[in-house]
file query33.cif (mmCIF, C-alpha atoms)
data_data
loop_
_atom_site.label_atom_id
_atom_site.label_comp_id
_atom_site.auth_asym_id
_atom_site.auth_seq_id
_atom_site.Cartn_x
_atom_site.Cartn_y
_atom_site.Cartn_z
CA MET A 1023 72.83 -0.41 -54.95
CA PRO A 1024 74.62 2.96 -55.48
CA PHE A 1025 77.61 3.24 -53.16
CA GLU A 1026 76.29 6.54 -51.74
CA LEU A 1027 73.12 4.80 -50.51
CA LEU A 1028 75.15 1.83 -49.20
CA ILE A 1029 77.46 4.06 -47.18
CA GLY A 1030 74.54 6.20 -45.95
CA LEU A 1031 72.77 3.08 -44.63
CA ARG A 1032 75.97 1.89 -42.90
CA TYR A 1033 76.39 5.25 -41.19
CA LEU A 1034 72.94 4.82 -39.63
CA LYS A 1035 74.15 1.72 -37.78
CA ALA A 1036 75.89 2.48 -34.51
CA LYS A 1037 79.29 1.20 -33.56
CA ARG A 1038 80.40 0.91 -29.96
CA LYS A 1039 82.13 4.26 -29.98
CA SER A 1040 79.24 6.04 -31.77
CA THR A 1041 76.30 4.82 -29.67
CA PHE A 1042 75.48 8.40 -28.69
CA ILE A 1043 75.01 9.38 -32.34
CA SER A 1044 72.69 6.40 -32.82
CA ILE A 1045 70.56 7.54 -29.88
CA ILE A 1046 70.27 11.02 -31.42
CA THR A 1047 69.24 9.39 -34.70
CA PHE A 1048 66.43 7.51 -32.96
CA ILE A 1049 65.34 10.72 -31.21
CA SER A 1050 65.23 12.51 -34.58
CA ILE A 1051 63.11 9.72 -36.06
CA ALA A 1052 60.79 9.86 -33.04
CA GLY A 1053 60.48 13.65 -33.38
CA VAL A 1054 59.42 13.43 -37.03
CA ALA A 1055 57.01 10.58 -36.23
CA LEU A 1056 55.45 12.53 -33.36
CA GLY A 1057 54.94 15.63 -35.49
CA VAL A 1058 53.40 13.70 -38.39
CA MET A 1059 51.16 11.72 -36.01
CA ALA A 1060 49.93 14.90 -34.28
CA LEU A 1061 49.21 16.58 -37.62
CA ILE A 1062 47.21 13.63 -38.95
CA VAL A 1063 45.15 13.23 -35.77
CA VAL A 1064 44.41 16.94 -35.34
CA LEU A 1065 43.49 17.52 -38.99
CA ALA A 1066 41.31 14.37 -38.96
CA VAL A 1067 39.45 15.70 -35.91
CA MET A 1068 39.08 19.17 -37.43
CA THR A 1069 37.82 17.73 -40.74
CA GLY A 1070 35.43 15.38 -38.95
CA PHE A 1071 34.15 18.21 -36.77
CA GLU A 1072 33.58 20.40 -39.83
CA GLU A 1073 31.82 17.69 -41.86
CA ASP A 1074 29.67 16.59 -38.91
CA LEU A 1075 28.67 20.18 -38.23
CA LYS A 1076 27.76 20.69 -41.90
CA GLU A 1077 25.67 17.53 -41.81
CA LYS A 1078 23.80 18.74 -38.72
CA ILE A 1079 23.22 22.18 -40.26
CA LEU A 1080 21.93 20.70 -43.52
CA GLY A 1081 19.82 18.18 -41.61
CA THR A 1082 17.79 20.93 -39.94
CA ASN A 1083 18.09 23.84 -42.37
CA ALA A 1084 17.34 24.12 -46.05
CA HIS A 1085 20.06 24.60 -48.66
CA VAL A 1086 18.63 27.95 -49.77
CA VAL A 1087 16.09 30.23 -48.05
CA VAL A 1088 14.09 32.87 -49.96
CA VAL A 1089 12.28 35.63 -48.02
CA LYS A 1090 10.51 38.85 -48.91
CA ASN A 1091 12.12 42.07 -47.73
CA GLY A 1092 10.26 43.69 -44.84
CA SER A 1093 6.95 41.82 -45.12
CA PRO A 1094 5.37 38.35 -45.23
CA MET A 1095 5.19 36.57 -48.58
CA GLU A 1096 1.62 36.65 -49.93
CA ASP A 1097 1.89 35.00 -53.34
CA TYR A 1098 4.12 32.16 -52.13
CA PRO A 1099 2.51 29.37 -54.28
CA GLN A 1100 3.44 31.28 -57.45
CA VAL A 1101 6.92 32.06 -56.10
CA MET A 1102 7.45 28.37 -55.29
CA GLU A 1103 6.64 27.39 -58.85
CA ARG A 1104 9.11 29.95 -60.19
CA LEU A 1105 11.81 28.68 -57.81
CA LYS A 1106 11.26 25.05 -58.80
CA ALA A 1107 11.97 26.02 -62.40
CA PHE A 1108 15.60 26.90 -61.55
CA LYS A 1109 18.16 24.32 -62.60
CA GLY A 1110 19.34 22.20 -59.68
CA VAL A 1111 16.34 22.82 -57.40
CA ILE A 1112 14.85 19.51 -56.19
CA ALA A 1113 12.05 20.60 -53.84
CA ALA A 1114 10.55 23.67 -52.14
CA THR A 1115 8.40 24.21 -49.06
CA PRO A 1116 6.99 27.31 -47.28
CA PHE A 1117 7.78 28.12 -43.65
CA ILE A 1118 6.97 30.61 -40.89
CA TYR A 1119 9.61 31.81 -38.48
CA ASN A 1120 9.06 33.70 -35.22
CA GLN A 1121 10.23 33.95 -31.62
CA VAL A 1122 7.96 32.87 -28.77
CA MET A 1123 8.05 31.56 -25.22
CA LEU A 1124 7.09 28.03 -24.17
CA SER A 1125 5.55 27.47 -20.75
CA SER A 1126 5.11 23.95 -19.39
CA GLY A 1127 3.89 24.93 -15.93
CA LYS A 1128 7.21 23.76 -14.50
CA ASN A 1129 9.53 25.97 -16.50
CA VAL A 1130 9.63 28.68 -19.19
CA SER A 1131 11.97 29.02 -22.15
CA GLY A 1132 12.35 31.37 -25.10
CA VAL A 1133 12.52 29.51 -28.41
CA VAL A 1134 12.37 29.98 -32.16
CA LEU A 1135 9.04 28.66 -33.44
CA ARG A 1136 8.84 27.39 -37.01
CA GLY A 1137 5.65 26.66 -38.86
CA ILE A 1138 6.16 23.96 -41.49
CA ASP A 1139 4.17 21.83 -43.90
CA ALA A 1140 5.14 18.36 -42.69
CA LYS A 1141 4.36 16.70 -46.04
CA THR A 1142 6.66 18.90 -48.12
CA ASP A 1143 9.20 19.73 -45.39
CA ARG A 1144 10.44 16.13 -45.33
CA LEU A 1145 11.42 16.60 -49.00
CA VAL A 1146 13.64 19.59 -48.13
CA THR A 1147 15.06 18.90 -44.64
CA LYS A 1148 15.88 15.78 -42.63
CA LEU A 1149 13.86 16.85 -39.58
CA SER A 1150 11.52 13.83 -39.77
CA ARG A 1151 14.53 11.48 -39.54
CA SER A 1152 15.66 13.20 -36.33
CA VAL A 1153 12.40 12.50 -34.46
CA THR A 1154 13.23 10.00 -31.71
CA GLU A 1155 9.89 10.03 -29.85
CA GLY A 1156 6.41 10.52 -31.29
CA THR A 1157 5.88 11.51 -34.91
CA ILE A 1158 6.03 14.63 -37.05
CA ASP A 1159 2.73 13.68 -38.74
CA LYS A 1160 0.70 14.73 -35.69
CA LEU A 1161 1.70 18.42 -35.77
CA ASP A 1162 -1.80 19.19 -37.05
CA PRO A 1163 -4.84 17.20 -35.79
CA ALA A 1164 -5.99 16.76 -39.39
CA MET A 1165 -2.70 15.03 -40.23
CA GLY A 1166 -2.72 12.56 -37.32
CA GLU A 1167 -5.01 9.77 -36.27
CA GLY A 1168 -8.39 11.09 -35.20
CA ARG A 1169 -9.10 14.71 -34.35
CA GLU A 1170 -8.04 16.53 -31.20
CA SER A 1171 -8.97 20.02 -30.14
CA ILE A 1172 -5.36 20.81 -29.22
CA PRO A 1173 -2.83 21.07 -32.10
CA GLY A 1174 0.55 19.36 -31.94
CA LEU A 1175 4.03 20.76 -31.32
CA LEU A 1176 7.52 19.32 -31.83
CA VAL A 1177 10.53 20.26 -29.64
CA GLY A 1178 14.18 19.28 -29.38
CA LYS A 1179 15.56 16.78 -26.89
CA GLU A 1180 17.40 19.36 -24.77
CA LEU A 1181 14.40 21.71 -24.73
CA ALA A 1182 12.09 18.89 -23.61
CA LYS A 1183 14.54 18.06 -20.83
CA HIS A 1184 14.69 21.71 -19.73
CA LEU A 1185 10.88 22.04 -19.67
CA HIS A 1186 10.40 18.56 -18.11
CA LEU A 1187 8.21 17.46 -21.02
CA LYS A 1188 7.34 14.08 -22.47
CA VAL A 1189 5.21 13.14 -25.45
CA GLY A 1190 1.54 13.83 -24.72
CA ASP A 1191 2.11 16.70 -22.26
CA ARG A 1192 0.35 20.02 -22.66
CA LEU A 1193 2.20 23.35 -22.84
CA ASN A 1194 1.43 26.95 -23.74
CA VAL A 1195 2.95 28.97 -26.59
CA ILE A 1196 3.16 32.68 -25.74
CA SER A 1197 3.85 35.35 -28.34
CA PRO A 1198 5.03 38.83 -27.31
CA LEU A 1199 3.23 40.20 -30.38
CA GLY A 1200 -0.16 40.12 -28.72
CA ASN A 1201 -3.52 41.81 -29.12
CA ILE A 1202 -4.20 45.46 -28.32
CA THR A 1203 -6.84 45.82 -25.60
CA PRO A 1204 -8.12 48.75 -23.50
CA LEU A 1205 -5.64 47.61 -20.87
CA GLY A 1206 -2.75 47.72 -23.33
CA MET A 1207 -0.87 45.05 -25.26
CA MET A 1208 -1.79 41.56 -24.08
CA PRO A 1209 0.44 38.64 -25.10
CA ARG A 1210 -1.13 36.03 -27.32
CA MET A 1211 -1.25 32.53 -25.79
CA LYS A 1212 -2.44 29.16 -27.09
CA PRO A 1213 -2.24 25.60 -25.70
CA PHE A 1214 -0.45 22.87 -27.67
CA ARG A 1215 0.24 19.20 -27.09
CA LEU A 1216 3.73 17.72 -27.43
CA VAL A 1217 3.52 15.12 -30.20
CA GLY A 1218 7.23 14.49 -30.84
CA ILE A 1219 10.80 15.05 -29.68
CA PHE A 1220 13.67 15.37 -32.16
CA ASN A 1221 17.41 14.97 -31.64
CA THR A 1222 19.65 16.52 -34.30
CA GLY A 1223 22.79 15.97 -32.23
CA MET A 1224 23.47 19.72 -32.24
CA PHE A 1225 22.85 21.29 -28.86
CA GLU A 1226 22.02 24.76 -30.23
CA TYR A 1227 19.16 23.39 -32.35
CA ASP A 1228 17.90 20.84 -29.83
CA SER A 1229 17.57 23.48 -27.12
CA THR A 1230 16.11 26.44 -29.04
CA LEU A 1231 13.84 25.12 -31.82
CA ALA A 1232 10.16 24.14 -31.81
CA TYR A 1233 7.87 23.23 -34.73
CA ILE A 1234 4.14 23.49 -35.37
CA SER A 1235 2.11 23.05 -38.55
CA LEU A 1236 2.05 25.83 -41.12
CA THR A 1237 -1.71 26.38 -40.79
CA GLN A 1238 -1.48 26.62 -36.99
CA ALA A 1239 1.38 29.12 -37.27
CA GLN A 1240 -0.62 31.26 -39.71
CA SER A 1241 -3.57 31.22 -37.31
CA PHE A 1242 -1.52 31.85 -34.15
CA PHE A 1243 0.45 34.78 -35.59
CA ASP A 1244 -2.60 36.10 -37.47
CA LEU A 1245 -0.80 35.99 -40.82
CA GLY A 1246 -3.69 34.90 -43.00
CA ASP A 1247 -2.57 33.08 -46.13
CA THR A 1248 1.03 34.37 -45.97
CA VAL A 1249 4.37 32.84 -44.97
CA THR A 1250 7.78 34.10 -43.87
CA GLY A 1251 9.62 32.51 -46.77
CA ILE A 1252 10.38 29.42 -48.87
CA GLN A 1253 13.00 26.75 -48.25
CA LEU A 1254 14.76 25.00 -51.14
CA LYS A 1255 16.63 21.74 -51.53
CA VAL A 1256 19.22 21.60 -54.32
CA GLU A 1257 21.32 18.92 -56.00
CA ASP A 1258 24.78 20.36 -55.26
CA VAL A 1259 25.07 21.79 -51.74
CA TYR A 1260 28.50 23.31 -52.47
CA HIS A 1261 27.30 25.54 -55.32
CA THR A 1262 24.30 27.11 -53.58
CA GLY A 1263 25.88 30.58 -53.56
CA GLU A 1264 25.65 30.86 -57.34
CA LEU A 1265 22.01 29.68 -57.28
CA ALA A 1266 21.14 32.27 -54.61
CA ARG A 1267 22.61 35.03 -56.77
CA LYS A 1268 20.59 33.86 -59.79
CA ILE A 1269 17.40 33.87 -57.71
CA ASN A 1270 18.10 37.40 -56.46
CA ARG A 1271 18.57 38.65 -60.02
CA SER A 1272 15.46 36.86 -61.27
CA LEU A 1273 12.96 37.73 -58.50
CA GLY A 1274 14.05 41.33 -58.11
CA ALA A 1275 14.74 43.62 -55.17
CA ASP A 1276 11.63 42.60 -53.22
CA PHE A 1277 13.04 39.15 -52.53
CA TYR A 1278 16.26 38.02 -50.90
CA ALA A 1279 17.82 34.54 -51.20
CA ARG A 1280 20.55 33.23 -48.90
CA ASP A 1281 22.30 29.86 -49.01
CA TRP A 1282 23.28 27.76 -45.99
CA MET A 1283 26.96 28.73 -46.26
CA GLN A 1284 26.11 32.43 -46.08
CA MET A 1285 23.79 31.91 -43.10
CA ASN A 1286 26.51 29.98 -41.24
CA ARG A 1287 29.57 31.71 -42.70
CA ASN A 1288 31.00 32.78 -39.32
CA ILE A 1289 31.32 29.31 -37.85
CA LEU A 1290 32.41 27.75 -41.18
CA PHE A 1291 35.10 30.41 -41.65
CA ALA A 1292 36.25 29.94 -38.04
CA LEU A 1293 36.59 26.18 -38.56
CA LYS A 1294 38.54 26.62 -41.79
CA THR A 1295 40.86 29.20 -40.23
CA GLU A 1296 41.41 27.05 -37.14
CA LYS A 1297 42.33 24.07 -39.31
CA ILE A 1298 44.95 26.11 -41.19
CA VAL A 1299 46.38 27.57 -37.97
CA MET A 1300 46.61 24.13 -36.35
CA PHE A 1301 48.46 22.81 -39.41
CA VAL A 1302 50.99 25.65 -39.21
CA ILE A 1303 51.49 25.31 -35.45
CA LEU A 1304 51.91 21.53 -35.47
CA THR A 1305 54.31 21.74 -38.40
CA LEU A 1306 56.69 23.38 -35.91
CA ILE A 1307 57.03 19.96 -34.25
CA VAL A 1308 58.39 18.60 -37.53
CA LEU A 1309 60.70 21.63 -37.79
CA VAL A 1310 62.10 20.88 -34.32
CA ALA A 1311 62.70 17.29 -35.43
CA ALA A 1312 64.44 18.65 -38.55
CA PHE A 1313 66.91 20.50 -36.33
CA GLY A 1314 67.56 17.13 -34.66
CA ILE A 1315 68.30 15.60 -38.06
CA ALA A 1316 70.68 18.46 -38.89
CA SER A 1317 72.45 18.06 -35.52
CA THR A 1318 72.81 14.31 -36.08
CA LEU A 1319 74.33 14.84 -39.51
CA PHE A 1320 76.77 17.46 -38.19
CA MET A 1321 77.99 14.97 -35.57
CA VAL A 1322 78.23 12.18 -38.16
CA VAL A 1323 80.26 14.44 -40.46
CA MET A 1324 82.64 15.26 -37.60
CA GLU A 1325 83.02 11.57 -36.74
CA LYS A 1326 83.43 10.44 -40.35
CA THR A 1327 86.06 13.02 -41.29
CA ARG A 1328 88.64 10.30 -41.98
CA ASP A 1329 86.17 8.29 -44.08
CA ILE A 1330 85.32 11.37 -46.15
CA ALA A 1331 89.02 12.05 -46.79
CA ILE A 1332 89.64 8.43 -47.84
CA LEU A 1333 86.62 8.43 -50.17
CA LYS A 1334 87.79 11.65 -51.81
CA SER A 1335 91.33 10.24 -52.17
CA MET A 1336 89.84 7.22 -53.93
CA GLY A 1337 88.10 9.50 -56.45
CA ALA A 1338 84.72 10.27 -54.88
CA THR A 1339 83.43 13.68 -55.94
CA GLY A 1340 81.99 16.37 -53.68
CA GLY A 1341 78.57 15.62 -55.12
CA SER A 1342 78.83 11.97 -54.10
CA ILE A 1343 79.89 12.90 -50.54
CA MET A 1344 76.97 15.33 -50.32
CA LYS A 1345 74.60 12.67 -51.63
CA ILE A 1346 75.71 10.22 -48.88
CA PHE A 1347 74.65 12.53 -46.07
CA VAL A 1348 71.52 13.79 -47.87
CA LEU A 1349 70.39 10.18 -48.28
CA GLU A 1350 71.16 9.46 -44.62
CA GLY A 1351 69.00 12.41 -43.50
CA LEU A 1352 66.24 11.47 -45.96
CA ILE A 1353 66.16 7.91 -44.60
CA ILE A 1354 65.68 9.31 -41.09
CA GLY A 1355 62.88 11.58 -42.37
CA LEU A 1356 61.19 8.78 -44.38
CA ILE A 1357 61.26 6.32 -41.47
CA GLY A 1358 59.90 8.96 -39.09
CA THR A 1359 57.19 9.98 -41.57
CA ALA A 1360 56.15 6.36 -42.17
CA LEU A 1361 55.92 5.64 -38.42
CA GLY A 1362 53.98 8.88 -37.90
CA VAL A 1363 51.50 8.09 -40.70
CA VAL A 1364 50.84 4.57 -39.39
CA SER A 1365 50.40 5.67 -35.75
CA GLY A 1366 48.38 8.76 -36.75
CA LEU A 1367 45.97 6.73 -38.91
CA PHE A 1368 45.57 4.14 -36.15
CA ILE A 1369 44.68 6.81 -33.57
CA ALA A 1370 42.40 8.70 -35.98
CA PHE A 1371 40.43 5.57 -36.91
CA ASN A 1372 40.04 4.51 -33.25
CA LEU A 1373 39.75 7.97 -31.69
CA GLU A 1374 36.22 7.46 -30.35
CA THR A 1375 37.27 4.32 -28.46
CA ILE A 1376 40.50 5.88 -27.17
CA ILE A 1377 38.69 8.98 -25.86
CA SER A 1378 36.02 6.90 -24.13
CA VAL A 1379 38.67 4.77 -22.41
CA ILE A 1380 40.57 7.86 -21.24
CA GLN A 1381 37.35 9.44 -19.92
CA LYS A 1382 36.49 6.25 -18.01
CA VAL A 1383 39.97 6.04 -16.48
CA THR A 1384 40.20 9.73 -15.51
CA GLY A 1385 36.50 10.27 -14.78
CA GLN A 1386 36.59 13.53 -16.78
CA ASN A 1387 34.34 14.51 -19.67
CA PHE A 1388 36.57 16.19 -22.27
CA PHE A 1389 33.79 16.68 -24.81
CA SER A 1390 30.86 18.79 -23.64
CA LYS A 1391 28.15 18.99 -26.30
CA ASP A 1392 26.84 22.34 -25.05
CA ILE A 1393 30.25 23.82 -25.93
CA TYR A 1394 31.15 21.92 -29.10
CA TYR A 1395 27.56 21.63 -30.46
CA LEU A 1396 27.98 17.93 -31.29
CA ASP A 1397 27.21 14.77 -29.30
CA ARG A 1398 30.25 12.70 -30.32
CA PHE A 1399 33.96 13.05 -31.10
CA PRO A 1400 34.23 13.10 -34.92
CA SER A 1401 37.25 12.00 -36.92
CA GLN A 1402 37.53 11.84 -40.70
CA ILE A 1403 40.63 10.99 -42.69
CA VAL A 1404 41.17 12.90 -45.93
CA VAL A 1405 43.73 11.29 -48.24
CA SER A 1406 44.91 14.66 -49.57
CA ASP A 1407 45.65 15.84 -46.01
CA VAL A 1408 47.73 12.72 -45.28
CA VAL A 1409 49.65 13.15 -48.55
CA LEU A 1410 50.26 16.86 -47.82
CA ILE A 1411 51.52 16.10 -44.30
CA SER A 1412 53.82 13.32 -45.56
CA VAL A 1413 55.28 15.42 -48.38
CA THR A 1414 55.78 18.39 -46.01
CA ALA A 1415 57.58 16.23 -43.42
CA VAL A 1416 59.90 14.64 -46.02
CA LEU A 1417 60.57 18.03 -47.63
CA ILE A 1418 61.49 19.61 -44.28
CA SER A 1419 63.76 16.63 -43.53
CA PHE A 1420 65.43 17.02 -46.94
CA ILE A 1421 66.05 20.74 -46.42
CA ALA A 1422 67.56 20.01 -42.99
CA THR A 1423 70.17 17.71 -44.60
CA LEU A 1424 71.46 20.18 -47.19
CA TYR A 1425 73.80 22.34 -45.09
CA PRO A 1426 75.55 19.51 -43.16
CA ALA A 1427 75.92 17.53 -46.41
CA TRP A 1428 77.30 20.59 -48.21
CA GLN A 1429 79.85 21.11 -45.42
CA ALA A 1430 80.97 17.49 -45.77
CA SER A 1431 81.34 17.85 -49.56
CA ARG A 1432 83.67 20.87 -49.13
CA MET A 1433 86.07 18.99 -46.84
CA LEU A 1434 89.65 18.72 -48.25
CA PRO A 1435 91.39 15.31 -47.90
CA ALA A 1436 94.71 16.86 -46.78
CA GLU A 1437 93.06 18.88 -44.04
CA ALA A 1438 91.00 15.91 -42.88
CA LEU A 1439 94.03 13.58 -42.65
CA ARG A 1440 96.51 16.08 -41.20
CA TYR A 1441 95.94 15.00 -37.61
CA GLU A 1442 95.31 11.28 -38.28
#
call {"tool": "encode", "arguments": {"input": "query33.cif", "output": "structure tokens"}}
result
Amino acid sequence: MPFELLIGLRYLKAKRKSTFISIITFISIAGVALGVMALIVVLAVMTGFEEDLKEKILGTNAHVVVVKNGSPMEDYPQVMERLKAFKGVIAATPFIYNQVMLSSGKNVSGVVLRGIDAKTDRLVTKLSRSVTEGTIDKLDPAMGEGRESIPGLLVGKELAKHLHLKVGDRLNVISPLGNITPLGMMPRMKPFRLVGIFNTGMFEYDSTLAYISLTQAQSFFDLGDTVTGIQLKVEDVYHTGELARKINRSLGADFYARDWMQMNRNILFALKTEKIVMFVILTLIVLVAAFGIASTLFMVVMEKTRDIAILKSMGATGGSIMKIFVLEGLIIGLIGTALGVVSGLFIAFNLETIISVIQKVTGQNFFSKDIYYLDRFPSQIVVSDVVLISVTAVLISFIATLYPAWQASRMLPAEALRYE
């Protein structure tokens, strides 16, 4: 073992007269550990929140949406075939999109109504997997068992709760774009039967979306054989922007393609920015701990003045003296970082259980899904984040040791021993 490392390790052990310095050392280690732990837990939660939100968005929405500027799409079968020819496109399905009101007799709510082809929609979105009650196959009487005079409708869990609906109930769909009569504009209304309830886990979708069959939507909105647009599913969800640009160039100015990142860019950008800001803010905890390391080393240097003078008299160079105290500070930083990584990973992996226990003990709900959009507390560990946090903590600890160690290396033996 190099003598610098041996002496640095011995200086970490407290003697009777230097117990106070040992306490400061432990406080410095605890400060680094606390900062690293907080960084790992917060970034794991932010990453989990972001990934869970992306999963919910992609579970309900298509990867790329193509619409026609200013008018419904008439020749959509031909457009679908052209879109399927693009490299990376897996499936395509038409859709209709409009705003209506749902009336259950007990309550009224404004929703976004989507007309879909249930057979092809399941190839593009994961809506069918989100159905918890009923089935998506009964949106159109012709697609279910037997024939009913009333077509089917699918709503989200929160919307069904708000309208006091259960599978099999009747409700009315009211469109503000009604028919012109001698008495003026009359809203268009049609009865539907609730055939399924879906739960995406995202409050915004579960409370504002409703689905009917494509043919029923065309009939209700008087669209004929036209649709609002076409939804696409692609192989690589993180390169959809390039595909959207290729589609725009190929189809011309009459069509407009947008990918899921562009449609949700505000919330995705906010999440990314918040993650960076939280990393910067919580790094300040490690900086505070670094000041503790620097203070500890200054006190050790003052106490070990005689030892430094003796070492220099025996032939130790200034570089060796500096290395002793740099190694001592690095050991403090490494121990604190290791403890912080272990405790941070433990909390991050068991966060759901810890939060539930705290909520039971306090009786408070810290995670409201109507605010945070999700129905659980997500946590996802990214190895690169843990490595970045660890390297940052050790680097800050190393920088904090340089000045006290440099001061020790400049000490002259004669000056140090003058008053001994």
call {"tool": "resolve_selection", "arguments": {"input": "query33.cif", "expression": "the PyMOL selection byres ((chain A and resi 1250) around 8)", "output": "list of chain:residue names"}}
result
A:Val1089, A:Lys1090, A:Ser1093, A:Pro1094, A:Met1095, A:Pro1116, A:Phe1117, A:Ile1118, A:Tyr1119, A:Thr1248, A:Val1249, A:Gly1251, A:Ile1252
call {"tool": "atom_distance", "arguments": {"input": "query33.cif", "atom1": "atom CA of Asp1162 of chain A", "atom2": "atom CA of Phe1243 of chain A"}}
result
15.8 Å
call {"tool": "resolve_selection", "arguments": {"input": "query33.cif", "expression": "the PyMOL selection byres ((chain A and resi 1219) around 7)", "output": "list in words"}}
result
Val1153, Thr1154, Glu1155, Gly1156, Leu1176, Val1177, Gly1178, Lys1179, Gly1218, Phe1220 and Asn1221 of chain A
call {"tool": "atom_distance", "arguments": {"input": "query33.cif", "atom1": "atom CA of Val1379 of chain A", "atom2": "atom CA of Ser1412 of chain A"}}
result
29.0 Å
call {"tool": "closest_residue", "arguments": {"input": "query33.cif", "among": "A:Val1364, A:Leu1175, A:Ile1418, A:Leu1181", "to": "Asn1129 of chain A", "atoms": "only C-alpha atoms"}}
result
A:Leu1181
call {"tool": "closest_residue", "arguments": {"input": "query33.cif", "among": "A:Leu1216, A:Ile1315, A:Val1259, A:Ile1046", "to": "Tyr1425 of chain A", "atoms": "all atoms listed in the file"}}
result
A:Ile1315
call {"tool": "atom_distance", "arguments": {"input": "query33.cif", "atom1": "atom CA of Ala1052 of chain A", "atom2": "atom CA of Gly1362 of chain A"}}
result
8.4 Å
call {"tool": "closest_residue", "arguments": {"input": "query33.cif", "among": "A:Thr1069, A:Ser1378, A:Ser1272, A:Asn1194", "to": "Leu1124 of chain A", "atoms": "only C-alpha atoms"}}
result
A:Asn1194
call {"tool": "resolve_selection", "arguments": {"input": "query33.cif", "expression": "the PyMOL selection byres ((chain A and resi 1337-1343) around 7)", "output": "list in words"}}
result
Glu1026, Leu1333, Lys1334, Ser1335, Met1336, Met1344, Lys1345, Ile1346, Phe1347, Ala1430, Ser1431 and Arg1432 of chain A
call {"tool": "closest_residue", "arguments": {"input": "query33.cif", "among": "A:Leu1231, A:Leu1028, A:Ala1055, A:Val1256", "to": "Phe1108 of chain A", "atoms": "only C-alpha atoms"}}
result
A:Val1256
call {"tool": "residues_near_point", "arguments": {"input": "query33.cif", "point": "(4.9, 15.9, -22.3)", "cutoff": "9 Å", "atoms": "all atoms listed in the file", "output": "PyMOL selection string"}}
result
chain A and resi 1126+1182+1185-1193+1215-1218
call {"tool": "write_last_selection", "arguments": {"input": "query33.cif", "atoms": "C-alpha atoms", "output": "CSV table (one decimal), keeping the file's coordinate frame"}}
result
chain,number,residue,atom,x,y,z
A,1126,SER,CA,5.1,24.0,-19.4
A,1182,ALA,CA,12.1,18.9,-23.6
A,1185,LEU,CA,10.9,22.0,-19.7
A,1186,HIS,CA,10.4,18.6,-18.1
A,1187,LEU,CA,8.2,17.5,-21.0
A,1188,LYS,CA,7.3,14.1,-22.5
A,1189,VAL,CA,5.2,13.1,-25.4
A,1190,GLY,CA,1.5,13.8,-24.7
A,1191,ASP,CA,2.1,16.7,-22.3
A,1192,ARG,CA,0.4,20.0,-22.7
A,1193,LEU,CA,2.2,23.4,-22.8
A,1215,ARG,CA,0.2,19.2,-27.1
A,1216,LEU,CA,3.7,17.7,-27.4
A,1217,VAL,CA,3.5,15.1,-30.2
A,1218,GLY,CA,7.2,14.5,-30.8
call {"tool": "axis_aligned_box", "arguments": {"input": "query33.cif", "around": "segment 1062-1073 of chain A", "padding_each_side": "8 Å", "output": "JSON"}}
result
{"center_x": 39.5, "center_y": 16.8, "center_z": -38.6, "size_x": 31.4, "size_y": 23.2, "size_z": 22.5}
call {"tool": "residues_around", "arguments": {"input": "query33.cif", "residues": "Leu1080 of chain A", "least_positions_apart": "4", "cutoff": "10 Å", "atoms": "all atoms listed in the file", "output": "ChimeraX atom specification"}}
result
/A:1074-1076,1084-1085,1146-1149,1255,1259,1282-1283
call {"tool": "residues_around", "arguments": {"input": "query33.cif", "residues": "Ile1369 of chain A", "least_positions_apart": "3", "cutoff": "12 Å", "atoms": "all atoms listed in the file", "output": "list in words"}}
result
Met1059, Ala1060, Leu1061, Ile1062, Val1063, Val1064, Ala1066, Val1067, Gly1362, Val1363, Val1364, Ser1365, Gly1366, Asn1372, Leu1373, Glu1374, Thr1375, Ile1376, Ile1377, Ser1401, Gln1402 and Ile1403 of chain A
call {"tool": "write_last_selection", "arguments": {"input": "query33.cif", "atoms": "C-alpha atoms", "output": "PDB file, in the frame of the given file"}}
result
ATOM      1  CA  MET A1059      51.160  11.720 -36.010  1.00  0.00           C
ATOM      2  CA  ALA A1060      49.930  14.900 -34.280  1.00  0.00           C
ATOM      3  CA  LEU A1061      49.210  16.580 -37.620  1.00  0.00           C
ATOM      4  CA  ILE A1062      47.210  13.630 -38.950  1.00  0.00           C
ATOM      5  CA  VAL A1063      45.150  13.230 -35.770  1.00  0.00           C
ATOM      6  CA  VAL A1064      44.410  16.940 -35.340  1.00  0.00           C
ATOM      7  CA  ALA A1066      41.310  14.370 -38.960  1.00  0.00           C
ATOM      8  CA  VAL A1067      39.450  15.700 -35.910  1.00  0.00           C
ATOM      9  CA  GLY A1362      53.980   8.880 -37.900  1.00  0.00           C
ATOM     10  CA  VAL A1363      51.500   8.090 -40.700  1.00  0.00           C
ATOM     11  CA  VAL A1364      50.840   4.570 -39.390  1.00  0.00           C
ATOM     12  CA  SER A1365      50.400   5.670 -35.750  1.00  0.00           C
ATOM     13  CA  GLY A1366      48.380   8.760 -36.750  1.00  0.00           C
ATOM     14  CA  ASN A1372      40.040   4.510 -33.250  1.00  0.00           C
ATOM     15  CA  LEU A1373      39.750   7.970 -31.690  1.00  0.00           C
ATOM     16  CA  GLU A1374      36.220   7.460 -30.350  1.00  0.00           C
ATOM     17  CA  THR A1375      37.270   4.320 -28.460  1.00  0.00           C
ATOM     18  CA  ILE A1376      40.500   5.880 -27.170  1.00  0.00           C
ATOM     19  CA  ILE A1377      38.690   8.980 -25.860  1.00  0.00           C
ATOM     20  CA  SER A1401      37.250  12.000 -36.920  1.00  0.00           C
ATOM     21  CA  GLN A1402      37.530  11.840 -40.700  1.00  0.00           C
ATOM     22  CA  ILE A1403      40.630  10.990 -42.690  1.00  0.00           C
TER      23      ILE A1403
END
call {"tool": "decode", "arguments": {"input": "query33.cif", "residues": "segment 1098-1102 of chain A", "atoms": "C-alpha atoms", "output": "short mmCIF file (atom, residue, chain, number, x, y, z; two decimals), in the first residue's frame"}}
result
data_model
loop_
_atom_site.label_atom_id
_atom_site.label_comp_id
_atom_site.auth_asym_id
_atom_site.auth_seq_id
_atom_site.Cartn_x
_atom_site.Cartn_y
_atom_site.Cartn_z
CA TYR A 1098 -58.77 7.56 -47.72
CA PRO A 1099 -58.46 3.91 -48.97
CA GLN A 1100 -55.97 5.02 -51.64
CA VAL A 1101 -54.13 7.26 -49.15
CA MET A 1102 -53.87 4.34 -46.71
#
